[in-house]
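Student: Coordinates in my_file.txt, compact mmCIF, N, CA and C atoms and all ligand atoms, are listed below.
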```
# COMPACT_ATOMS: atom_id res chain seq x y z
N MET H 1 6.60 -18.46 -24.14
CA MET H 1 6.20 -19.72 -24.79
C MET H 1 5.02 -20.33 -24.05
N THR H 2 4.20 -21.03 -24.75
CA THR H 2 3.10 -21.74 -24.10
C THR H 2 3.58 -23.13 -23.71
N SER H 3 3.37 -23.47 -22.45
CA SER H 3 3.82 -24.78 -22.00
C SER H 3 2.90 -25.87 -22.56
N THR H 4 3.49 -27.01 -22.79
CA THR H 4 2.72 -28.13 -23.33
C THR H 4 2.19 -29.03 -22.23
N GLU H 5 2.53 -28.70 -21.00
CA GLU H 5 2.04 -29.46 -19.85
C GLU H 5 1.31 -28.51 -18.91
N PRO H 6 0.41 -29.05 -18.11
CA PRO H 6 -0.26 -28.19 -17.12
C PRO H 6 0.75 -27.53 -16.19
N VAL H 7 0.41 -26.37 -15.73
CA VAL H 7 1.26 -25.64 -14.80
C VAL H 7 0.53 -25.54 -13.47
N SER H 8 1.23 -25.90 -12.41
CA SER H 8 0.66 -25.79 -11.07
C SER H 8 0.90 -24.40 -10.52
N LEU H 9 -0.17 -23.71 -10.20
CA LEU H 9 -0.02 -22.37 -9.63
C LEU H 9 0.71 -22.39 -8.29
N PRO H 10 0.32 -23.29 -7.36
CA PRO H 10 1.08 -23.34 -6.10
C PRO H 10 2.55 -23.67 -6.31
N ALA H 11 2.85 -24.61 -7.22
CA ALA H 11 4.26 -24.96 -7.46
C ALA H 11 5.00 -23.78 -8.08
N ALA H 12 4.34 -23.07 -8.97
CA ALA H 12 4.96 -21.90 -9.58
C ALA H 12 5.30 -20.87 -8.51
N LEU H 13 4.37 -20.64 -7.60
CA LEU H 13 4.59 -19.65 -6.55
C LEU H 13 5.66 -20.11 -5.56
N ASP H 14 5.78 -21.42 -5.39
CA ASP H 14 6.79 -21.95 -4.48
C ASP H 14 8.19 -21.90 -5.08
N SER H 15 8.27 -21.67 -6.39
CA SER H 15 9.56 -21.82 -7.08
C SER H 15 10.43 -20.57 -7.01
N PHE H 16 9.92 -19.50 -6.44
CA PHE H 16 10.73 -18.28 -6.33
C PHE H 16 10.29 -17.49 -5.11
N SER H 17 11.15 -16.59 -4.68
CA SER H 17 10.81 -15.79 -3.51
C SER H 17 11.01 -14.29 -3.74
N ALA H 18 11.65 -13.92 -4.84
CA ALA H 18 11.93 -12.50 -5.08
C ALA H 18 10.64 -11.69 -5.16
N LEU H 19 10.69 -10.50 -4.57
CA LEU H 19 9.52 -9.61 -4.59
C LEU H 19 9.57 -8.71 -5.83
N TRP H 20 8.38 -8.35 -6.30
CA TRP H 20 8.24 -7.45 -7.45
C TRP H 20 9.06 -7.96 -8.64
N SER H 21 9.04 -9.25 -8.86
CA SER H 21 9.83 -9.89 -9.92
C SER H 21 8.98 -10.97 -10.59
N PRO H 22 8.11 -10.57 -11.51
CA PRO H 22 7.10 -11.48 -12.06
C PRO H 22 7.68 -12.66 -12.84
N ARG H 23 7.00 -13.79 -12.71
CA ARG H 23 7.31 -15.01 -13.46
C ARG H 23 6.18 -15.26 -14.47
N ILE H 24 6.57 -15.74 -15.65
CA ILE H 24 5.58 -16.02 -16.69
C ILE H 24 5.04 -17.43 -16.50
N LEU H 25 3.76 -17.49 -16.12
CA LEU H 25 3.11 -18.78 -15.86
C LEU H 25 2.81 -19.48 -17.18
N THR H 26 2.25 -18.75 -18.11
CA THR H 26 1.95 -19.26 -19.44
C THR H 26 1.65 -18.06 -20.34
N THR H 27 1.38 -18.34 -21.59
CA THR H 27 0.96 -17.28 -22.49
C THR H 27 -0.34 -17.67 -23.14
N VAL H 28 -1.10 -16.68 -23.55
CA VAL H 28 -2.34 -16.93 -24.29
C VAL H 28 -2.40 -15.90 -25.41
N ASN H 29 -2.40 -16.38 -26.64
CA ASN H 29 -2.25 -15.50 -27.80
C ASN H 29 -1.00 -14.64 -27.59
N ASP H 30 -1.13 -13.34 -27.61
CA ASP H 30 0.05 -12.47 -27.48
C ASP H 30 0.24 -11.96 -26.06
N TYR H 31 -0.42 -12.61 -25.11
CA TYR H 31 -0.40 -12.13 -23.73
C TYR H 31 0.34 -13.08 -22.81
N ASP H 32 1.00 -12.51 -21.81
CA ASP H 32 1.58 -13.29 -20.72
C ASP H 32 0.58 -13.36 -19.57
N VAL H 33 0.54 -14.51 -18.94
CA VAL H 33 -0.09 -14.64 -17.63
C VAL H 33 1.07 -14.76 -16.65
N ARG H 34 1.23 -13.74 -15.83
CA ARG H 34 2.38 -13.68 -14.92
C ARG H 34 1.92 -13.76 -13.47
N VAL H 35 2.78 -14.29 -12.62
CA VAL H 35 2.52 -14.26 -11.19
C VAL H 35 3.68 -13.55 -10.51
N ALA H 36 3.36 -12.88 -9.42
CA ALA H 36 4.40 -12.17 -8.69
C ALA H 36 4.08 -12.16 -7.20
N LYS H 37 5.15 -12.11 -6.42
CA LYS H 37 5.03 -11.89 -4.98
C LYS H 37 5.41 -10.44 -4.73
N VAL H 38 4.64 -9.76 -3.95
CA VAL H 38 4.86 -8.33 -3.76
C VAL H 38 4.65 -7.96 -2.30
N GLU H 39 5.34 -6.92 -1.88
CA GLU H 39 5.13 -6.33 -0.55
C GLU H 39 5.78 -4.96 -0.56
N GLY H 40 5.12 -3.99 0.05
CA GLY H 40 5.63 -2.63 0.03
C GLY H 40 5.26 -1.94 -1.27
N GLU H 41 6.06 -0.93 -1.61
CA GLU H 41 5.69 -0.07 -2.73
C GLU H 41 6.37 -0.47 -4.03
N HIS H 42 5.64 -0.36 -5.12
CA HIS H 42 6.23 -0.46 -6.45
C HIS H 42 6.63 0.96 -6.84
N VAL H 43 6.43 1.37 -8.07
CA VAL H 43 6.86 2.68 -8.51
C VAL H 43 5.77 3.25 -9.43
N TRP H 44 5.59 4.57 -9.37
CA TRP H 44 4.66 5.21 -10.30
C TRP H 44 5.13 4.95 -11.73
N HIS H 45 4.22 4.46 -12.56
CA HIS H 45 4.57 4.21 -13.97
C HIS H 45 3.31 4.17 -14.81
N VAL H 46 3.51 4.14 -16.11
CA VAL H 46 2.36 4.10 -17.02
C VAL H 46 2.67 3.21 -18.20
N HIS H 47 1.67 2.44 -18.63
CA HIS H 47 1.75 1.67 -19.88
C HIS H 47 0.90 2.41 -20.90
N GLU H 48 1.57 3.07 -21.84
CA GLU H 48 0.82 3.92 -22.77
C GLU H 48 -0.08 3.10 -23.69
N GLY H 49 0.37 1.88 -24.03
CA GLY H 49 -0.31 1.15 -25.09
C GLY H 49 -1.17 -0.01 -24.66
N THR H 50 -1.22 -0.29 -23.35
CA THR H 50 -1.98 -1.48 -22.96
C THR H 50 -2.61 -1.34 -21.59
N ASP H 51 -3.78 -1.96 -21.46
CA ASP H 51 -4.38 -2.17 -20.15
C ASP H 51 -3.54 -3.21 -19.40
N GLU H 52 -3.73 -3.29 -18.08
CA GLU H 52 -3.02 -4.26 -17.27
C GLU H 52 -4.00 -4.85 -16.26
N PHE H 53 -4.14 -6.17 -16.33
CA PHE H 53 -5.11 -6.89 -15.49
C PHE H 53 -4.44 -7.46 -14.25
N PHE H 54 -5.03 -7.21 -13.09
CA PHE H 54 -4.53 -7.75 -11.82
C PHE H 54 -5.59 -8.63 -11.16
N LEU H 55 -5.15 -9.77 -10.64
CA LEU H 55 -6.00 -10.62 -9.80
C LEU H 55 -5.20 -10.94 -8.54
N VAL H 56 -5.79 -10.68 -7.38
CA VAL H 56 -5.08 -10.94 -6.12
C VAL H 56 -5.35 -12.37 -5.68
N LEU H 57 -4.29 -13.17 -5.63
CA LEU H 57 -4.40 -14.57 -5.24
C LEU H 57 -4.37 -14.72 -3.73
N ASP H 58 -3.59 -13.87 -3.08
CA ASP H 58 -3.49 -13.91 -1.63
C ASP H 58 -2.99 -12.56 -1.16
N GLY H 59 -3.38 -12.17 0.04
CA GLY H 59 -2.95 -10.88 0.56
C GLY H 59 -3.89 -9.77 0.13
N GLU H 60 -3.33 -8.60 -0.09
CA GLU H 60 -4.14 -7.43 -0.44
C GLU H 60 -3.29 -6.46 -1.24
N LEU H 61 -3.81 -6.05 -2.38
CA LEU H 61 -3.08 -5.12 -3.24
C LEU H 61 -3.83 -3.79 -3.32
N HIS H 62 -3.09 -2.72 -3.12
CA HIS H 62 -3.63 -1.38 -3.34
C HIS H 62 -3.01 -0.86 -4.64
N ILE H 63 -3.78 -0.19 -5.44
CA ILE H 63 -3.22 0.43 -6.64
C ILE H 63 -3.63 1.90 -6.65
N ALA H 64 -2.63 2.77 -6.50
CA ALA H 64 -2.88 4.20 -6.61
C ALA H 64 -2.95 4.55 -8.09
N LEU H 65 -3.91 5.39 -8.43
CA LEU H 65 -4.17 5.74 -9.83
C LEU H 65 -4.23 7.25 -9.97
N ARG H 66 -3.61 7.75 -11.04
CA ARG H 66 -3.78 9.17 -11.38
C ARG H 66 -4.64 9.22 -12.63
N GLU H 67 -5.87 9.61 -12.44
CA GLU H 67 -6.81 9.65 -13.56
C GLU H 67 -6.34 10.71 -14.55
N SER H 68 -6.15 10.32 -15.80
CA SER H 68 -5.57 11.25 -16.77
C SER H 68 -6.51 12.40 -17.10
N GLU H 69 -7.83 12.14 -17.07
CA GLU H 69 -8.78 13.19 -17.45
C GLU H 69 -8.82 14.30 -16.39
N SER H 70 -9.03 13.90 -15.14
CA SER H 70 -9.23 14.88 -14.08
C SER H 70 -7.92 15.23 -13.37
N GLY H 71 -6.91 14.38 -13.50
CA GLY H 71 -5.67 14.61 -12.78
C GLY H 71 -5.75 14.25 -11.31
N SER H 72 -6.89 13.74 -10.87
CA SER H 72 -7.03 13.41 -9.46
C SER H 72 -6.48 12.01 -9.18
N GLU H 73 -6.11 11.82 -7.91
CA GLU H 73 -5.57 10.52 -7.49
C GLU H 73 -6.61 9.77 -6.69
N ARG H 74 -6.65 8.46 -6.88
CA ARG H 74 -7.46 7.61 -6.02
C ARG H 74 -6.74 6.29 -5.89
N THR H 75 -7.14 5.52 -4.89
CA THR H 75 -6.53 4.21 -4.68
C THR H 75 -7.61 3.16 -4.65
N VAL H 76 -7.44 2.11 -5.44
CA VAL H 76 -8.36 0.98 -5.35
C VAL H 76 -7.71 -0.07 -4.45
N VAL H 77 -8.53 -0.71 -3.63
CA VAL H 77 -8.06 -1.74 -2.71
C VAL H 77 -8.62 -3.07 -3.16
N LEU H 78 -7.71 -4.02 -3.42
CA LEU H 78 -8.11 -5.33 -3.91
C LEU H 78 -7.78 -6.39 -2.86
N PRO H 79 -8.78 -6.83 -2.13
CA PRO H 79 -8.53 -7.96 -1.23
C PRO H 79 -8.37 -9.25 -2.03
N LYS H 80 -7.95 -10.29 -1.36
CA LYS H 80 -7.78 -11.60 -1.98
C LYS H 80 -9.03 -11.96 -2.79
N GLY H 81 -8.81 -12.38 -4.04
CA GLY H 81 -9.91 -12.79 -4.89
C GLY H 81 -10.47 -11.68 -5.76
N SER H 82 -9.94 -10.47 -5.62
CA SER H 82 -10.46 -9.35 -6.40
C SER H 82 -9.60 -9.10 -7.64
N ALA H 83 -10.26 -8.62 -8.68
CA ALA H 83 -9.58 -8.31 -9.93
C ALA H 83 -9.82 -6.86 -10.29
N PHE H 84 -8.87 -6.29 -11.03
CA PHE H 84 -8.99 -4.91 -11.47
C PHE H 84 -8.13 -4.73 -12.72
N THR H 85 -8.61 -3.93 -13.64
CA THR H 85 -7.82 -3.61 -14.82
C THR H 85 -7.45 -2.14 -14.80
N VAL H 86 -6.14 -1.87 -14.83
CA VAL H 86 -5.66 -0.50 -14.95
C VAL H 86 -5.74 -0.13 -16.43
N PRO H 87 -6.48 0.92 -16.77
CA PRO H 87 -6.61 1.29 -18.17
C PRO H 87 -5.29 1.81 -18.75
N ARG H 88 -5.10 1.56 -20.02
CA ARG H 88 -3.88 2.07 -20.67
C ARG H 88 -3.79 3.58 -20.50
N GLY H 89 -2.56 4.06 -20.36
CA GLY H 89 -2.35 5.50 -20.24
C GLY H 89 -2.60 6.06 -18.86
N THR H 90 -2.93 5.19 -17.90
CA THR H 90 -3.19 5.66 -16.54
C THR H 90 -1.98 5.40 -15.65
N GLU H 91 -1.41 6.47 -15.09
CA GLU H 91 -0.30 6.30 -14.15
C GLU H 91 -0.80 5.53 -12.94
N HIS H 92 0.00 4.58 -12.50
CA HIS H 92 -0.41 3.78 -11.35
C HIS H 92 0.81 3.35 -10.54
N LYS H 93 0.55 3.10 -9.26
CA LYS H 93 1.59 2.58 -8.36
C LYS H 93 0.99 1.54 -7.44
N PRO H 94 1.32 0.26 -7.68
CA PRO H 94 0.85 -0.79 -6.77
C PRO H 94 1.57 -0.69 -5.42
N TYR H 95 0.86 -1.12 -4.40
CA TYR H 95 1.39 -1.15 -3.03
C TYR H 95 0.73 -2.31 -2.29
N ALA H 96 1.52 -3.07 -1.59
CA ALA H 96 0.97 -4.18 -0.81
C ALA H 96 1.35 -4.00 0.65
N PRO H 97 0.36 -3.86 1.54
CA PRO H 97 0.65 -3.66 2.96
C PRO H 97 1.17 -4.92 3.63
N VAL H 98 0.90 -6.07 3.04
CA VAL H 98 1.37 -7.36 3.57
C VAL H 98 1.88 -8.17 2.39
N ARG H 99 2.56 -9.28 2.69
CA ARG H 99 3.03 -10.16 1.62
C ARG H 99 1.82 -10.62 0.79
N THR H 100 1.91 -10.41 -0.51
CA THR H 100 0.77 -10.61 -1.39
C THR H 100 1.20 -11.33 -2.66
N GLU H 101 0.30 -12.15 -3.18
CA GLU H 101 0.57 -12.86 -4.43
C GLU H 101 -0.46 -12.41 -5.46
N ILE H 102 0.04 -12.05 -6.63
CA ILE H 102 -0.86 -11.53 -7.66
C ILE H 102 -0.64 -12.26 -8.98
N LEU H 103 -1.70 -12.24 -9.80
CA LEU H 103 -1.63 -12.74 -11.17
C LEU H 103 -1.90 -11.54 -12.07
N VAL H 104 -1.06 -11.37 -13.08
CA VAL H 104 -1.15 -10.22 -13.97
C VAL H 104 -1.24 -10.70 -15.41
N ILE H 105 -2.12 -10.11 -16.18
CA ILE H 105 -2.22 -10.44 -17.61
C ILE H 105 -1.96 -9.17 -18.41
N GLU H 106 -0.98 -9.26 -19.31
CA GLU H 106 -0.62 -8.11 -20.14
C GLU H 106 0.14 -8.63 -21.36
N PRO H 107 0.24 -7.81 -22.41
CA PRO H 107 0.90 -8.30 -23.62
C PRO H 107 2.34 -8.73 -23.35
N THR H 108 2.75 -9.81 -23.98
CA THR H 108 4.13 -10.27 -23.90
C THR H 108 5.07 -9.12 -24.25
N GLY H 109 6.11 -8.95 -23.44
CA GLY H 109 7.06 -7.88 -23.68
C GLY H 109 6.78 -6.62 -22.88
N THR H 110 5.64 -6.59 -22.19
CA THR H 110 5.32 -5.41 -21.37
C THR H 110 6.30 -5.30 -20.21
N LEU H 111 6.90 -4.13 -20.07
CA LEU H 111 7.90 -3.90 -19.03
C LEU H 111 7.20 -3.64 -17.69
N SER H 112 7.77 -4.21 -16.62
CA SER H 112 7.15 -4.09 -15.30
C SER H 112 7.03 -2.64 -14.84
N VAL H 113 7.91 -1.78 -15.32
CA VAL H 113 7.85 -0.38 -14.89
C VAL H 113 7.29 0.53 -15.98
N GLY H 114 6.70 -0.08 -16.99
CA GLY H 114 5.98 0.69 -17.99
C GLY H 114 6.88 1.42 -18.97
N ASP H 115 6.28 2.35 -19.70
CA ASP H 115 6.99 3.13 -20.71
C ASP H 115 7.61 4.39 -20.10
N ARG H 116 6.98 4.87 -19.03
CA ARG H 116 7.51 6.02 -18.29
C ARG H 116 7.37 5.69 -16.83
N HIS H 117 8.34 6.13 -16.02
CA HIS H 117 8.25 5.81 -14.60
C HIS H 117 9.11 6.76 -13.79
N ASP H 118 8.80 6.84 -12.50
CA ASP H 118 9.65 7.55 -11.56
C ASP H 118 10.94 6.76 -11.38
N ASP H 119 11.87 7.31 -10.61
CA ASP H 119 13.11 6.58 -10.31
C ASP H 119 12.75 5.22 -9.70
N VAL H 120 13.38 4.19 -10.24
CA VAL H 120 13.05 2.84 -9.81
C VAL H 120 13.85 2.48 -8.56
N PRO H 121 13.17 2.19 -7.44
CA PRO H 121 13.91 1.77 -6.25
C PRO H 121 14.57 0.41 -6.46
N GLY H 122 15.60 0.16 -5.68
CA GLY H 122 16.39 -1.05 -5.87
C GLY H 122 15.65 -2.35 -5.70
N HIS H 123 14.54 -2.31 -4.95
CA HIS H 123 13.82 -3.56 -4.69
C HIS H 123 12.83 -3.90 -5.81
N VAL H 124 12.74 -3.05 -6.82
CA VAL H 124 11.80 -3.29 -7.92
C VAL H 124 12.57 -3.82 -9.13
N ASP H 125 12.16 -4.98 -9.62
CA ASP H 125 12.81 -5.61 -10.76
C ASP H 125 12.26 -5.00 -12.06
N VAL H 126 13.16 -4.52 -12.90
CA VAL H 126 12.76 -4.01 -14.21
C VAL H 126 12.86 -5.16 -15.19
N THR H 127 11.72 -5.71 -15.60
CA THR H 127 11.72 -6.95 -16.35
C THR H 127 10.47 -7.06 -17.21
N THR H 128 10.57 -7.87 -18.25
CA THR H 128 9.38 -8.23 -19.02
C THR H 128 8.85 -9.60 -18.55
N GLY H 129 9.29 -10.02 -17.37
CA GLY H 129 8.84 -11.30 -16.82
C GLY H 129 9.91 -12.36 -17.01
N HIS H 130 10.11 -13.16 -15.98
CA HIS H 130 11.11 -14.22 -16.02
C HIS H 130 10.45 -15.56 -16.34
N VAL H 131 11.19 -16.41 -17.03
CA VAL H 131 10.72 -17.76 -17.29
C VAL H 131 10.68 -18.52 -15.98
N LEU H 132 9.65 -19.29 -15.78
CA LEU H 132 9.57 -20.13 -14.59
C LEU H 132 10.63 -21.22 -14.69
N SER H 133 11.36 -21.41 -13.61
CA SER H 133 12.30 -22.53 -13.61
C SER H 133 11.57 -23.75 -13.03
N SER H 134 11.71 -24.87 -13.71
CA SER H 134 10.94 -26.05 -13.27
C SER H 134 11.78 -26.93 -12.36
NI NI B 1 1.83 -1.43 -14.45
```
The structure given in the file should be rewritten as structure tokens.

Tutor:
Amino acid sequence: MTSTEPVSLPAALDSFSALWSPRILTTVNDYDVRVAKVEGEHVWHVHEGTDEFFLVLDGELHIALRESESGSERTVVLPKGSAFTVPRGTEHKPYAPVRTEILVIEPTGTLSVGDRHDDVPGHVDVTTGHVLSS
């Protein structure tokens, strides 16, 4: 749902502590704007039907990518303030070497572990995003 009042990003980030468990900040058209706190490894996964936008608010996010054309792997490093879009159909695994805060934009209903994924470790929340508690 789109909130009818302004949303404070710092307050939103202060309202939860779970890692790899995105909160829906707001929506725009058919997209969620989500925030998450992350540290350590996520899981290899792919979103077949959608790109996924990342903006690093604090910390540093690495995203390992398996390029579908060449099959080669590379990792992009996003320091604080950097943005990157993972193209649809590209297997990826986010990793944060330190406690990191990210903003993610993707279609409402997009699952955090994608359409296909490796075994999901216990610390990774399988979710389409949680409502922010006020
Ligand atoms: Ni993803």

Student: For ligand NI 1 (chain B), return the neighbouring residues as a ChimeraX atom specification (distance at most 7 Å; only C-alpha atoms and all ligand atoms).

Tutor: /H:45-47,52,92,112-114

Student: May I ask for the distance between CA of Thr26 (chain H) and atom C of Leu65 (chain H), given in Å to one decimal place?

Tutor: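 Computing the Euclidean distance for CA of Thr26 (chain H) and atom C of Leu65 (chain H) yields 28.8 Å.
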
Student: Applying 5 Å and all atoms listed in the file, which residues near Arg88 (chain H) remain after dropping the ones on its own chain fewer than 3 positions away? List them as JSON, numbers by chain.

Tutor: {"H": [47, 48, 50, 51]}

Student: Store the residues picked out above in a file with N, CA and C atoms, as a compact mmCIF listing (two decimals), keeping the file's coordinate frame.

Tutor:
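Saved result, result-v3.txt, follows:
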```txt
# COMPACT_ATOMS: atom_id res chain seq x y z
N HIS H 47 1.67 2.44 -18.63
CA HIS H 47 1.75 1.67 -19.88
C HIS H 47 0.90 2.41 -20.90
N GLU H 48 1.57 3.07 -21.84
CA GLU H 48 0.82 3.92 -22.77
C GLU H 48 -0.08 3.10 -23.69
N THR H 50 -1.22 -0.29 -23.35
CA THR H 50 -1.98 -1.48 -22.96
C THR H 50 -2.61 -1.34 -21.59
N ASP H 51 -3.78 -1.96 -21.46
CA ASP H 51 -4.38 -2.17 -20.15
C ASP H 51 -3.54 -3.21 -19.40
```

Student: Here is a test: counting all atoms listed in the file, which residue of H:Ile63, H:Val131, H:Val124, H:Val7 is nearest to Ala96 (chain H)?

Tutor: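 Once distances to Ala96 (chain H) are computed over all atoms listed in the file, the minimum belongs to H:Ile63.
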
Student: Which distance in Å separates CA of Val43 (chain H) and CA of Ile105 (chain H), to one decimal?

Tutor: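 Going from CA of Val43 (chain H) over to CA of Ile105 (chain H), I get 18.4 Å.
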
Student: Which of these, H:Ile24, H:Leu111, H:Ala64, H:Ala11, has the shortest distance to Glu91 (chain H) once you count only C-alpha atoms?

Tutor: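 Selected residue with least distance to Glu91 (chain H): H:Ala64.
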
Student: Residues of region 12-67 of chain H within 6 Å of region 78-86 of chain H: nearest atom pair and distance (Å, one decimal) for each, counting all atoms listed in the file, sorted by chain and number, as CSV?

Tutor:
```
residue,atom,partner,partner_atom,distance
H:Asp51,CA,H:Val86,C,4.5
H:Glu52,C,H:Val86,N,3.9
H:Phe53,CA,H:Thr85,CA,4.3
H:Phe54,N,H:Phe84,C,4.0
H:Leu55,CA,H:Ala83,CA,4.3
H:Val56,C,H:Gly81,N,3.8
H:Leu57,N,H:Gly81,N,4.9
H:Asp58,CA,H:Lys80,CA,4.9
H:Gly59,C,H:Lys80,N,4.4
H:Glu60,CA,H:Pro79,CA,4.5
H:Leu61,C,H:Leu78,N,3.9
H:His62,N,H:Leu78,N,4.8
H:Ile63,N,H:Leu78,N,5.8
```

Student: What separation in Å, quoted to one decimal, exists between CA of Gly49 (chain H) and CA of Gly89 (chain H)?

Tutor: 6.8 Å

Student: What are the DSSP strand (DSSP E) residues of chain H, as a PyMOL selection string?

Tutor: chain H and resi 23-28+31-41+45-46+52-58+60-66+73-79+83-86+91-107+116-117+130-131

Student: How would you write, as a PyMOL selection string, the set of residues in region 11-95 of chain H that DSSP gives as alpha helix (DSSP H)?

Tutor: chain H and resi 11-14

Student: Which residue out of H:Glu73, H:His130, H:Pro22, H:Trp44 has the minimum interatomic distance to Pro94 (chain H) when all atoms listed in the file are used?

Tutor: H:Trp44

Student: Kindly reconstruct region 93-100 of chain H with all heavy atoms and present the result as an mmCIF file, keeping the file's coordinate frame.

Tutor:
```
data_model
loop_
_atom_site.group_PDB
_atom_site.id
_atom_site.type_symbol
_atom_site.label_atom_id
_atom_site.label_comp_id
_atom_site.auth_asym_id
_atom_site.auth_seq_id
_atom_site.Cartn_x
_atom_site.Cartn_y
_atom_site.Cartn_z
ATOM 1 N N LYS H 93 0.550 3.100 -9.260
ATOM 2 C CA LYS H 93 1.590 2.580 -8.360
ATOM 3 C C LYS H 93 0.990 1.540 -7.440
ATOM 4 O O LYS H 93 0.227 1.874 -6.526
ATOM 5 C CB LYS H 93 2.221 3.693 -7.524
ATOM 6 C CG LYS H 93 3.362 3.148 -6.641
ATOM 7 C CD LYS H 93 4.109 4.232 -5.902
ATOM 8 C CE LYS H 93 3.300 4.744 -4.738
ATOM 9 N NZ LYS H 93 4.116 5.620 -3.865
ATOM 10 N N PRO H 94 1.320 0.260 -7.680
ATOM 11 C CA PRO H 94 0.850 -0.790 -6.770
ATOM 12 C C PRO H 94 1.570 -0.690 -5.420
ATOM 13 O O PRO H 94 2.724 -0.265 -5.334
ATOM 14 C CB PRO H 94 1.237 -2.079 -7.505
ATOM 15 C CG PRO H 94 1.389 -1.680 -8.947
ATOM 16 C CD PRO H 94 1.938 -0.284 -8.893
ATOM 17 N N TYR H 95 0.860 -1.120 -4.400
ATOM 18 C CA TYR H 95 1.390 -1.150 -3.030
ATOM 19 C C TYR H 95 0.730 -2.310 -2.290
ATOM 20 O O TYR H 95 -0.485 -2.497 -2.401
ATOM 21 C CB TYR H 95 1.075 0.175 -2.326
ATOM 22 C CG TYR H 95 1.226 0.119 -0.831
ATOM 23 C CD1 TYR H 95 2.496 0.129 -0.247
ATOM 24 C CD2 TYR H 95 0.120 0.032 0.014
ATOM 25 C CE1 TYR H 95 2.649 0.049 1.122
ATOM 26 C CE2 TYR H 95 0.259 -0.034 1.392
ATOM 27 C CZ TYR H 95 1.529 -0.024 1.945
ATOM 28 O OH TYR H 95 1.685 -0.103 3.305
ATOM 29 N N ALA H 96 1.520 -3.070 -1.590
ATOM 30 C CA ALA H 96 0.970 -4.180 -0.810
ATOM 31 C C ALA H 96 1.350 -4.000 0.650
ATOM 32 O O ALA H 96 2.535 -3.974 0.989
ATOM 33 C CB ALA H 96 1.486 -5.512 -1.331
ATOM 34 N N PRO H 97 0.360 -3.860 1.540
ATOM 35 C CA PRO H 97 0.650 -3.660 2.960
ATOM 36 C C PRO H 97 1.170 -4.920 3.630
ATOM 37 O O PRO H 97 1.789 -4.836 4.702
ATOM 38 C CB PRO H 97 -0.709 -3.241 3.552
ATOM 39 C CG PRO H 97 -1.734 -3.800 2.615
ATOM 40 C CD PRO H 97 -1.097 -3.822 1.257
ATOM 41 N N VAL H 98 0.900 -6.070 3.040
ATOM 42 C CA VAL H 98 1.370 -7.360 3.570
ATOM 43 C C VAL H 98 1.880 -8.170 2.390
ATOM 44 O O VAL H 98 1.671 -7.814 1.233
ATOM 45 C CB VAL H 98 0.240 -8.140 4.285
ATOM 46 C CG1 VAL H 98 -0.243 -7.385 5.512
ATOM 47 C CG2 VAL H 98 -0.917 -8.408 3.323
ATOM 48 N N ARG H 99 2.560 -9.280 2.690
ATOM 49 C CA ARG H 99 3.030 -10.160 1.620
ATOM 50 C C ARG H 99 1.820 -10.620 0.790
ATOM 51 O O ARG H 99 0.846 -11.125 1.342
ATOM 52 C CB ARG H 99 3.761 -11.376 2.210
ATOM 53 C CG ARG H 99 4.419 -12.280 1.171
ATOM 54 C CD ARG H 99 5.539 -11.573 0.420
ATOM 55 N NE ARG H 99 6.554 -11.033 1.294
ATOM 56 C CZ ARG H 99 7.690 -11.667 1.610
ATOM 57 N NH1 ARG H 99 7.965 -12.842 1.115
ATOM 58 N NH2 ARG H 99 8.563 -11.085 2.427
ATOM 59 N N THR H 100 1.910 -10.410 -0.510
ATOM 60 C CA THR H 100 0.770 -10.610 -1.390
ATOM 61 C C THR H 100 1.200 -11.330 -2.660
ATOM 62 O O THR H 100 2.324 -11.154 -3.128
ATOM 63 C CB THR H 100 0.147 -9.225 -1.714
ATOM 64 O OG1 THR H 100 -0.440 -8.697 -0.510
ATOM 65 C CG2 THR H 100 -0.934 -9.297 -2.781
#
```
